[in-house]
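Participant: The following file, upload-v7.txt, comprises compact mmCIF, C-alpha atoms:
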# COMPACT_ATOMS: atom_id res chain seq x y z
CA MET R 1 1.76 -18.13 -9.76
CA ALA R 2 3.04 -15.48 -7.50
CA GLY R 3 5.76 -15.88 -4.92
CA LYS R 4 5.29 -14.30 -1.49
CA ARG R 5 8.75 -13.95 -0.04
CA ALA R 6 9.00 -13.70 3.74
CA ASP R 7 5.55 -15.11 4.51
CA MET R 8 4.89 -17.78 1.89
CA VAL R 9 6.75 -19.29 -1.00
CA ALA R 10 5.05 -20.33 -4.22
CA PHE R 11 6.23 -20.90 -7.77
CA SER R 12 8.46 -18.18 -9.14
CA SER R 13 10.98 -18.09 -11.93
CA GLY R 14 13.64 -15.65 -12.99
CA GLY R 15 17.37 -15.38 -12.86
CA THR R 16 19.51 -14.73 -9.88
CA SER R 17 20.83 -11.28 -9.22
CA SER R 18 24.53 -10.80 -9.85
CA ALA R 19 26.84 -11.33 -6.94
CA GLY R 20 28.75 -8.21 -7.85
CA ALA R 21 25.62 -6.14 -7.63
CA THR R 22 24.32 -7.35 -4.29
CA GLY R 23 27.62 -7.98 -2.58
CA GLY R 24 27.25 -9.68 0.79
CA GLN R 25 23.71 -8.50 1.50
CA THR R 26 22.02 -11.76 0.53
CA ASP R 27 23.42 -13.75 3.45
CA VAL R 28 22.65 -10.95 5.92
CA ARG R 29 19.05 -10.73 4.75
CA ASN R 30 18.57 -14.49 4.77
CA GLU R 31 19.74 -14.42 8.39
CA ILE R 32 17.19 -11.71 9.22
CA TYR R 33 14.38 -13.81 7.81
CA ARG R 34 15.63 -17.03 9.41
CA ASP R 35 15.39 -15.20 12.73
CA SER R 36 11.71 -14.48 12.00
CA GLY R 37 11.11 -18.09 10.97
CA VAL R 38 11.55 -17.82 7.20
CA ASP R 39 14.54 -19.39 5.41
CA THR R 40 14.48 -17.69 2.00
CA ALA R 41 17.67 -19.32 0.69
CA GLU R 42 16.45 -22.84 1.44
CA ALA R 43 13.04 -21.98 0.00
CA ASP R 44 14.59 -20.75 -3.25
CA ALA R 45 16.66 -23.92 -3.56
CA GLY R 46 13.61 -26.10 -3.06
CA LEU R 47 11.60 -23.96 -5.44
CA ASN R 48 13.99 -24.62 -8.32
CA ARG R 49 13.55 -28.36 -7.80
CA ILE R 50 9.76 -28.04 -7.72
CA ILE R 51 9.74 -26.09 -10.99
CA ALA R 52 11.90 -28.68 -12.73
CA ARG R 53 9.58 -31.48 -11.63
CA VAL R 54 6.22 -29.90 -12.34
CA GLN R 55 7.15 -28.77 -15.84
CA ARG R 56 7.56 -32.43 -16.78
CA THR R 57 3.81 -32.86 -16.21
CA TRP R 58 2.90 -30.41 -18.99
CA PRO R 59 1.26 -31.80 -22.15
CA ALA R 60 3.10 -30.84 -25.33
CA ALA R 61 -0.03 -29.58 -27.10
CA GLY R 62 -3.81 -29.72 -27.20
CA LEU R 63 -6.21 -29.94 -24.29
CA GLY R 64 -4.54 -28.71 -21.11
CA ARG R 65 -1.57 -27.11 -22.90
CA VAL R 66 0.16 -24.69 -20.51
CA VAL R 67 0.37 -21.29 -22.19
CA LEU R 68 2.83 -19.36 -19.98
CA PRO R 69 6.08 -20.29 -18.23
CA ILE R 70 6.06 -20.70 -14.46
CA GLY R 71 6.82 -17.43 -12.74
CA TYR R 72 4.18 -15.06 -14.00
CA PHE R 73 1.32 -13.97 -11.75
CA ALA R 74 -1.08 -16.63 -12.96
CA ASN R 75 -1.01 -19.26 -15.67
CA VAL R 76 -3.36 -20.18 -18.49
CA ILE R 77 -4.20 -23.58 -19.93
CA GLU R 78 -5.92 -24.29 -23.22
CA LEU R 79 -9.42 -25.67 -22.89
CA ASP R 80 -11.18 -26.31 -26.21
CA GLY R 81 -9.83 -23.11 -27.73
CA VAL R 82 -10.43 -20.98 -24.61
CA GLY R 83 -7.86 -19.87 -22.07
CA LEU R 84 -8.62 -21.06 -18.53
CA ALA R 85 -6.63 -18.91 -16.07
CA LEU R 86 -5.50 -20.39 -12.76
CA CYS R 87 -3.73 -19.05 -9.70
CA THR R 88 -3.40 -19.74 -6.02
CA ASP R 89 -2.19 -17.71 -3.07
CA GLY R 90 -2.76 -17.20 0.63
CA VAL R 91 -2.59 -14.45 3.20
CA GLY R 92 0.59 -15.62 4.93
CA SER R 93 1.26 -14.64 8.51
CA LYS R 94 -1.33 -11.87 8.40
CA THR R 95 -3.46 -14.56 10.05
CA ILE R 96 -1.37 -14.06 13.20
CA ILE R 97 -2.35 -10.39 13.27
CA ALA R 98 -6.01 -11.42 12.96
CA ASP R 99 -5.53 -13.79 15.92
CA MET R 100 -3.80 -11.08 17.97
CA MET R 101 -6.69 -8.72 17.24
CA GLY R 102 -9.38 -11.35 17.66
CA LYS R 103 -10.82 -9.93 14.46
CA TYR R 104 -11.46 -12.22 11.50
CA ASP R 105 -13.99 -10.45 9.26
CA THR R 106 -11.47 -8.87 6.85
CA ILE R 107 -8.82 -11.56 6.36
CA GLY R 108 -11.03 -13.23 3.72
CA ILE R 109 -10.90 -10.02 1.66
CA ASP R 110 -7.11 -10.41 1.61
CA CYS R 111 -7.42 -14.00 0.42
CA VAL R 112 -9.61 -12.99 -2.50
CA ALA R 113 -7.41 -9.99 -3.31
CA MET R 114 -4.15 -11.92 -3.40
CA ASN R 115 -5.65 -14.26 -6.00
CA VAL R 116 -7.74 -12.03 -8.23
CA ASN R 117 -5.10 -9.29 -8.35
CA ASP R 118 -2.69 -11.88 -9.74
CA MET R 119 -5.22 -13.26 -12.20
CA ILE R 120 -5.96 -9.95 -13.91
CA CYS R 121 -2.23 -9.62 -14.71
CA VAL R 122 -2.65 -12.17 -17.53
CA GLY R 123 -5.68 -10.30 -18.89
CA ALA R 124 -8.19 -12.79 -17.48
CA LYS R 125 -11.57 -12.06 -15.96
CA PRO R 126 -11.77 -13.81 -12.58
CA LEU R 127 -14.87 -16.00 -12.32
CA SER R 128 -14.78 -18.12 -9.18
CA MET R 129 -12.71 -19.13 -6.17
CA VAL R 130 -12.37 -21.97 -3.73
CA ASP R 131 -10.69 -21.63 -0.35
CA TYR R 132 -8.74 -23.83 2.02
CA PHE R 133 -9.06 -22.96 5.70
CA ALA R 134 -6.92 -24.90 8.19
CA VAL R 135 -7.49 -24.38 11.92
CA ALA R 136 -6.11 -25.79 15.15
CA SER R 137 -9.64 -26.03 16.52
CA THR R 138 -13.03 -25.06 15.17
CA ASP R 139 -14.82 -21.92 16.32
CA ALA R 140 -18.18 -21.28 14.66
CA ALA R 141 -18.04 -17.49 15.14
CA MET R 142 -14.52 -17.30 13.76
CA LEU R 143 -15.42 -19.41 10.72
CA ASP R 144 -18.43 -17.22 10.06
CA ALA R 145 -16.33 -14.05 10.27
CA VAL R 146 -13.74 -15.41 7.84
CA ALA R 147 -16.54 -16.43 5.47
CA ALA R 148 -18.00 -12.91 5.69
CA GLY R 149 -14.68 -11.50 4.53
CA LEU R 150 -14.40 -14.01 1.70
CA CYS R 151 -17.88 -13.09 0.50
CA LYS R 152 -17.18 -9.36 0.76
CA GLY R 153 -14.02 -9.81 -1.30
CA ALA R 154 -15.92 -11.92 -3.82
CA GLU R 155 -18.54 -9.19 -4.13
CA ILE R 156 -15.90 -6.53 -4.84
CA ALA R 157 -14.10 -8.78 -7.35
CA GLY R 158 -17.32 -9.97 -9.02
CA VAL R 159 -16.59 -13.66 -8.44
CA SER R 160 -18.37 -16.57 -6.78
CA ILE R 161 -17.06 -18.74 -3.97
CA SER R 162 -17.94 -22.10 -5.48
CA GLY R 163 -16.50 -24.41 -2.83
CA GLY R 164 -13.71 -24.97 -0.38
CA GLU R 165 -12.28 -27.06 2.41
CA THR R 166 -12.09 -26.56 6.16
CA ALA R 167 -9.63 -28.77 8.01
CA GLN R 168 -9.13 -29.10 11.74
CA LEU R 169 -5.41 -29.87 12.16
CA LYS R 170 -4.44 -29.24 15.76
CA ASP R 171 -1.16 -31.15 15.33
CA VAL R 172 -0.20 -29.17 12.23
CA VAL R 173 -1.26 -25.53 12.60
CA LYS R 174 -0.72 -23.24 15.57
CA HIS R 175 -3.02 -20.41 14.53
CA PHE R 176 -4.85 -20.82 11.22
CA ASP R 177 -4.04 -20.75 7.53
CA LEU R 178 -6.16 -19.34 4.74
CA VAL R 179 -5.43 -20.03 1.07
CA GLY R 180 -7.46 -19.59 -2.09
CA MET R 181 -7.44 -20.69 -5.70
CA ALA R 182 -9.07 -18.69 -8.46
CA VAL R 183 -10.17 -19.55 -11.99
CA GLY R 184 -10.93 -17.16 -14.81
CA ARG R 185 -11.28 -16.85 -18.54
CA VAL R 186 -9.19 -15.14 -21.21
CA ALA R 187 -9.16 -15.51 -24.98
CA LEU R 188 -5.93 -17.23 -25.99
CA ASP R 189 -5.04 -14.37 -28.31
CA LYS R 190 -5.60 -11.85 -25.47
CA VAL R 191 -3.26 -13.38 -22.89
CA ILE R 192 -0.99 -10.68 -21.45
CA ASP R 193 2.53 -11.40 -20.29
CA GLY R 194 4.26 -8.10 -21.06
CA ARG R 195 6.06 -9.29 -24.17
CA HIS R 196 4.98 -6.16 -26.06
CA VAL R 197 6.41 -3.67 -23.56
CA ARG R 198 8.93 -1.38 -25.24
CA GLU R 199 11.35 1.39 -24.34
CA GLY R 200 9.42 4.59 -23.63
CA ASP R 201 6.25 2.92 -22.38
CA VAL R 202 4.98 4.50 -19.18
CA VAL R 203 4.47 2.85 -15.79
CA ILE R 204 1.30 3.90 -13.99
CA GLY R 205 1.31 3.21 -10.26
CA VAL R 206 -1.88 2.75 -8.21
CA LYS R 207 -1.70 3.58 -4.53
CA SER R 208 -2.03 0.62 -2.18
CA SER R 209 -4.24 0.51 0.91
CA GLY R 210 -1.17 -0.07 3.06
CA ILE R 211 0.96 -3.11 3.85
CA HIS R 212 -1.43 -5.50 2.00
CA SER R 213 -0.52 -9.16 2.76
CA ASN R 214 3.27 -9.25 2.41
CA GLY R 215 6.12 -8.69 4.80
CA LEU R 216 4.15 -9.37 7.97
CA SER R 217 6.91 -11.61 9.35
CA LEU R 218 9.35 -8.69 9.29
CA ALA R 219 6.73 -6.26 10.61
CA ARG R 220 5.83 -8.55 13.52
CA LYS R 221 9.49 -9.06 14.38
CA ALA R 222 10.09 -5.30 14.30
CA PHE R 223 7.17 -4.25 16.48
CA PHE R 224 6.39 -7.18 18.74
CA GLN R 225 9.58 -9.23 19.07
CA ASN R 226 12.18 -6.46 18.93
CA HIS R 227 10.29 -3.72 20.78
CA GLY R 228 7.44 -5.39 22.66
CA TYR R 229 4.63 -3.13 21.50
CA ALA R 230 1.06 -4.18 22.23
CA ILE R 231 -1.22 -4.87 19.28
CA GLY R 232 -3.35 -1.90 20.39
CA HIS R 233 -0.43 0.54 20.53
CA LYS R 234 -1.18 3.89 18.89
CA PHE R 235 1.66 5.63 17.05
CA ASP R 236 1.28 9.35 16.42
CA GLU R 237 1.99 8.73 12.73
CA LEU R 238 -1.00 6.39 12.33
CA ALA R 239 -4.69 7.24 12.31
CA VAL R 240 -5.56 3.86 13.87
CA THR R 241 -3.92 1.38 16.23
CA LEU R 242 -0.95 -0.68 15.09
CA GLY R 243 -3.06 -3.82 14.85
CA GLU R 244 -5.76 -2.10 12.80
CA GLU R 245 -3.15 -0.74 10.40
CA LEU R 246 -1.43 -4.13 9.91
CA LEU R 247 -4.80 -5.83 9.42
CA ARG R 248 -6.08 -3.27 6.89
CA PRO R 249 -7.43 -5.33 3.94
CA THR R 250 -5.59 -5.62 0.64
CA ASP R 251 -7.17 -3.57 -2.14
CA ILE R 252 -8.93 -5.47 -4.93
CA TYR R 253 -8.13 -3.99 -8.34
CA VAL R 254 -10.44 -6.09 -10.53
CA PRO R 255 -13.30 -3.69 -11.50
CA GLU R 256 -11.08 -0.95 -12.89
CA ALA R 257 -8.70 -3.41 -14.54
CA MET R 258 -11.56 -5.06 -16.43
CA GLU R 259 -12.78 -1.67 -17.65
CA ILE R 260 -9.28 -0.61 -18.70
CA LEU R 261 -8.72 -3.83 -20.63
CA ALA R 262 -12.08 -3.44 -22.36
CA LYS R 263 -11.77 0.23 -23.26
CA VAL R 264 -8.08 1.14 -23.58
CA SER R 265 -5.78 -0.14 -26.31
CA GLY R 266 -2.08 0.07 -25.67
CA VAL R 267 -2.04 -1.45 -22.16
CA LYS R 268 0.79 -3.95 -22.38
CA ALA R 269 1.29 -5.29 -18.86
CA LEU R 270 -0.50 -5.42 -15.53
CA ILE R 271 1.69 -5.91 -12.46
CA ASN R 272 0.56 -6.91 -8.98
CA ILE R 273 3.03 -5.39 -6.51
CA THR R 274 3.29 -8.02 -3.78
CA SER R 275 6.47 -9.37 -2.19
CA ASP R 276 9.60 -8.35 -4.10
CA GLY R 277 7.92 -4.93 -4.41
CA LEU R 278 8.59 -3.04 -7.62
CA LEU R 279 10.91 -5.84 -8.72
CA ASN R 280 7.68 -7.54 -9.83
CA LEU R 281 7.92 -5.28 -12.88
CA THR R 282 10.73 -7.48 -14.20
CA ARG R 283 8.41 -10.48 -14.54
CA VAL R 284 7.27 -9.21 -17.93
CA ALA R 285 8.52 -11.19 -20.91
CA ALA R 286 10.05 -8.19 -22.72
CA PRO R 287 13.78 -7.43 -22.23
CA VAL R 288 13.21 -4.10 -20.49
CA GLY R 289 14.19 -2.41 -17.28
CA TYR R 290 12.48 0.50 -15.58
CA GLU R 291 13.32 3.98 -14.37
CA ILE R 292 10.96 4.74 -11.50
CA ASP R 293 11.44 8.45 -10.91
CA ARG R 294 8.07 9.64 -9.49
CA LEU R 295 7.31 7.48 -6.50
CA ILE R 296 4.02 7.63 -4.64
CA GLU R 297 4.62 8.73 -1.05
CA PRO R 298 4.82 5.61 1.17
CA HIS R 299 2.19 5.20 3.87
CA PRO R 300 3.39 6.08 7.41
CA ILE R 301 3.46 2.38 8.37
CA PHE R 302 6.48 1.78 6.13
CA PRO R 303 8.96 4.20 7.76
CA LEU R 304 7.71 2.94 11.13
CA ILE R 305 8.54 -0.64 10.15
CA GLN R 306 11.92 0.41 8.80
CA ARG R 307 12.90 2.33 11.91
CA HIS R 308 11.91 -0.47 14.25
CA ALA R 309 13.35 -3.26 12.08
CA GLY R 310 16.65 -1.43 11.53
CA VAL R 311 16.82 -2.16 7.80
CA ASP R 312 17.75 0.07 4.88
CA ASP R 313 15.85 1.24 1.81
CA SER R 314 16.90 -1.70 -0.33
CA GLU R 315 15.37 -4.16 2.12
CA MET R 316 12.14 -2.19 2.38
CA PHE R 317 11.67 -1.95 -1.39
CA GLU R 318 12.35 -5.69 -1.75
CA VAL R 319 9.79 -6.77 0.83
CA PHE R 320 6.96 -4.24 0.72
CA ASN R 321 4.81 -2.46 -1.87
CA MET R 322 5.95 0.88 -0.39
CA GLY R 323 2.68 2.57 -1.26
CA ILE R 324 2.23 1.20 -4.78
CA GLY R 325 -0.16 -1.74 -4.93
CA PHE R 326 -0.57 -2.26 -8.67
CA CYS R 327 0.98 -1.05 -11.91
CA TYR R 328 0.00 -0.76 -15.56
CA VAL R 329 2.62 -0.50 -18.29
CA ALA R 330 1.18 1.22 -21.35
CA ASP R 331 1.92 3.12 -24.48
CA PRO R 332 2.20 6.84 -23.56
CA ALA R 333 -0.89 7.56 -25.67
CA ALA R 334 -2.94 5.25 -23.42
CA ALA R 335 -1.87 6.85 -20.13
CA GLU R 336 -4.47 9.61 -19.94
CA ARG R 337 -7.43 7.31 -20.57
CA THR R 338 -6.09 4.71 -18.15
CA LEU R 339 -5.64 7.32 -15.42
CA ALA R 340 -9.14 8.68 -16.05
CA ILE R 341 -10.70 5.23 -15.52
CA LEU R 342 -8.65 4.68 -12.38
CA LYS R 343 -9.78 8.05 -11.01
CA ALA R 344 -13.41 7.21 -11.81
CA HIS R 345 -13.01 4.08 -9.66
CA GLY R 346 -11.67 6.15 -6.78
CA ARG R 347 -8.05 5.14 -7.23
CA ALA R 348 -5.13 7.45 -6.52
CA ALA R 349 -2.75 6.82 -9.42
CA GLN R 350 0.00 8.54 -11.38
CA VAL R 351 2.72 7.89 -13.91
CA ILE R 352 5.67 6.74 -11.80
CA GLY R 353 8.27 5.94 -14.46
CA THR R 354 9.14 4.53 -17.86
CA ALA R 355 10.37 1.32 -19.42
CA VAL R 356 13.95 1.37 -20.73
CA SER R 357 15.66 -1.06 -23.08
CA ASP R 358 17.75 -3.31 -20.85
CA PRO R 359 18.37 -7.06 -21.37
CA GLN R 360 19.43 -7.26 -17.69
CA LYS R 361 15.95 -6.02 -16.67
CA ILE R 362 17.15 -3.71 -13.92
CA VAL R 363 14.72 -1.53 -11.97
CA ARG R 364 16.19 1.81 -10.92
CA ILE R 365 14.74 4.17 -8.31
CA PRO R 366 16.98 7.26 -8.59
CA ALA R 367 15.43 9.16 -5.67
CA ARG R 368 16.53 6.34 -3.37
CA GLY R 369 19.77 5.56 -5.18
CA LEU R 370 18.53 1.99 -5.71
CA ALA R 371 18.90 -0.50 -8.55
CA GLY R 372 17.44 -3.98 -8.48
CA GLN R 373 17.19 -7.24 -10.35
CA HIS R 374 15.26 -10.45 -9.66
CA LYS R 375 14.78 -10.43 -5.84
CA ARG R 376 17.40 -7.89 -4.75
CA PHE R 377 17.85 -4.14 -4.67
CA TRP R 378 21.24 -2.60 -4.02
CA ARG R 379 22.55 0.90 -3.42
CA GLU R 380 24.31 2.09 -6.55
CA ASP R 381 26.43 4.47 -4.50
CA GLY R 382 27.06 1.82 -1.84
CA ALA R 383 25.47 3.76 1.02
CA ALA R 384 22.53 2.80 3.19
CA ARG R 385 19.51 5.07 3.28
CA ARG R 386 16.23 5.28 5.12
CA VAL R 387 12.67 5.80 3.98
CA GLY R 388 11.08 9.06 5.07
How would this structure read if it were set down as structure tokens?

Facilitator:
Amino acid sequence: MAGKRADMVAFSSGGTSSAGATGGQTDVRNEIYRDSGVDTAEADAGLNRIIARVQRTWPAAGLGRVVLPIGYFANVIELDGVGLALCTDGVGSKTIIADMMGKYDTIGIDCVAMNVNDMICVGAKPLSMVDYFAVASTDAAMLDAVAAGLCKGAEIAGVSISGGETAQLKDVVKHFDLVGMAVGRVALDKVIDGRHVREGDVVIGVKSSGIHSNGLSLARKAFFQNHGYAIGHKFDELAVTLGEELLRPTDIYVPEAMEILAKVSGVKALINITSDGLLNLTRVAAPVGYEIDRLIEPHPIFPLIQRHAGVDDSEMFEVFNMGIGFCYVADPAAAERTLAILKAHGRAAQVIGTAVSDPQKIVRIPARGLAGQHKRFWREDGAARRVG
């Protein structure tokens, strides 16, 4: 059940980063997000209480047994000897960009992507989705456009849309909200949570389509609140307008992941790079850290956001995918076959690093001088640095 820091908060587990490592940055960053309408510290405090309560609902064994701890990308429950995978996620404040553009036919793709990309991380085949669509007022053309995107995403992912709910809540929502829930199937002995990852395993990074559906609160603050750009502004660095770039749909990684899982032995973890960026690697159950020493070049939108938001590298790598939308952690012998399948599906991918034995589960990005743990990156040399 993935957490989307900055735009949405859902279940997430994991330790807190050490105060000595992050210094005073946490309070500064919480203040930045409070200014954009997101109180991450309060959300984390509430989240811990939610986790404690919901775990008390779990049956000890048998029908409905919960297979994984809260905090992985999806969870699995036992259903008559079969693993039923479940996850839920939404598109966050990307809906505001759709409203600003008056364009609603791709936001449904994002909703599907944010769910199915999480589900495949436990080794499950996504089967079906339901959606929840809350609006201030109904607009038949808008609803139809959103539905077109949902169906397009479902087609790419190979799932059905088996139901949903549309609610008109003019006293609750200002724009609209779009959330989905996905179900899938995985054999109980094939559930993946990264527990088999070992030192020396390689990390394969798959290039993202762009910003995906995370960090839009910070991006909107940077461009529209801080600098007053119009949604149709055209930066020289971008091939399309600012609005078109921010609304670019999230890639769906299901078809190639299903083929890799079916044909390649030695794939030990699948990681959806959403909010918290490459720190999502530390969700795996194994006591490993990562040395990420061959980054994929970030899309031009990321240095633009950084320059206009006035934040450093550590903030950017915490909030955004920075050009890497999905990762596979695999035995080195499995890397070539995995990369070949990704290439056959049209994906730009490369080995970006390796797993290292580390009970603290620290992610290091030497080219940026960054080290990170849980939800925070810090500069190991203490200096700020910019992307680009």

Participant: For stretch 147-163 of chain R, find every residue with an atom within 9 Å (counting all atoms listed in the file), except residues of its own chain fewer than 3 positions away, and show them as a list in words.

Facilitator: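 Listed by chain and then number, they are Tyr104, Asp105, Thr106, Ile107, Gly108, Ile109, Asp110, Cys111, Val112, Ala113, Val116, Pro126, Leu127, Ser128, Met129, Val130, Asp131, Met142, Leu143, Asp144, Ile252, Tyr253, Val254 and Pro255 of chain R.
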
Participant: Would you compute the distance between atom CA of R:Ile324 and atom CA of R:Val76? Give it in Å to one decimal.

Facilitator: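 It comes out at 26.0 Å.
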
Participant: With distances taken over only C-alpha atoms, which residue among R:Ala355, R:Cys327, R:Ala344, R:Ala371 lies nearest R:Ala269?

Facilitator: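 Of R:Ala355, R:Cys327, R:Ala344, R:Ala371, the one nearest R:Ala269, counting only C-alpha atoms, is R:Cys327.
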
Participant: Considering only C-alpha atoms, can you say which of R:Ile273, R:Ile305, R:Met119, R:Ile292 comes closest to R:Glu318?

Facilitator: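 Answer, going by the shortest atom-to-atom distance: R:Ile273.
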
Participant: So which one's closest to R:His308, R:Thr338, R:Asn272, R:Gln225, R:Ser265? Using all atoms listed in the file, please.

Facilitator: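 Between R:Thr338, R:Asn272, R:Gln225, R:Ser265, the residue approaching R:His308 most closely is R:Gln225.
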
Participant: Can you pull out every residue within 8 Å of R:Arg368, counting all atoms listed in the file, but drop anything in the same chain fewer than 2 positions away, and send it as a count of residues only?

Facilitator: 5

Participant: One number please: atom CA of R:Ala167 to atom CA of R:Leu216, in Å, one decimal.

Facilitator: 23.8 Å

Participant: Hey, can you check how far atom CA of R:Asp201 sits from atom CA of R:Ala330?

Facilitator: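 So the answer is 5.4 Å.
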
Participant: Excluding same-chain residues fewer than 5 positions from R:Arg347, what lies within 10 Å of it counting only C-alpha atoms, as a ChimeraX atom specification?

Facilitator: /R:206-208,253,256,339-342

Participant: Have a look at R:Ala61, R:Ala124, R:Ile352, R:Ile97 and name the one nearest to R:Leu270; count all atoms listed in the file.

Facilitator: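 Smallest distance to R:Leu270 is found for R:Ala124.
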
Participant: Pick the closest to R:Asn280 from R:Asn226, R:Thr166, R:Leu47, R:Val319: which is it, counting all atoms listed in the file?

Facilitator: R:Val319

Participant: Of the residues R:Val135, R:Leu261, R:Ala285, R:Ile301, which is the one nearest to R:Lys234, using only C-alpha atoms?

Facilitator: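 Nearest candidate to R:Lys234 out of R:Val135, R:Leu261, R:Ala285, R:Ile301: R:Ile301.
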
Participant: Set up a box along x, y and z of the file covering all listed atoms of stretch 143-150 of chain R, add 6 Å on every one of the six sides, and write the centre and edge lengths in Å to one decimal, as AutoDock Vina command-line options.

Facilitator:
--center_x -16.1 --center_y -15.5 --center_z 6.2 --size_x 16.7 --size_y 19.9 --size_z 21.0
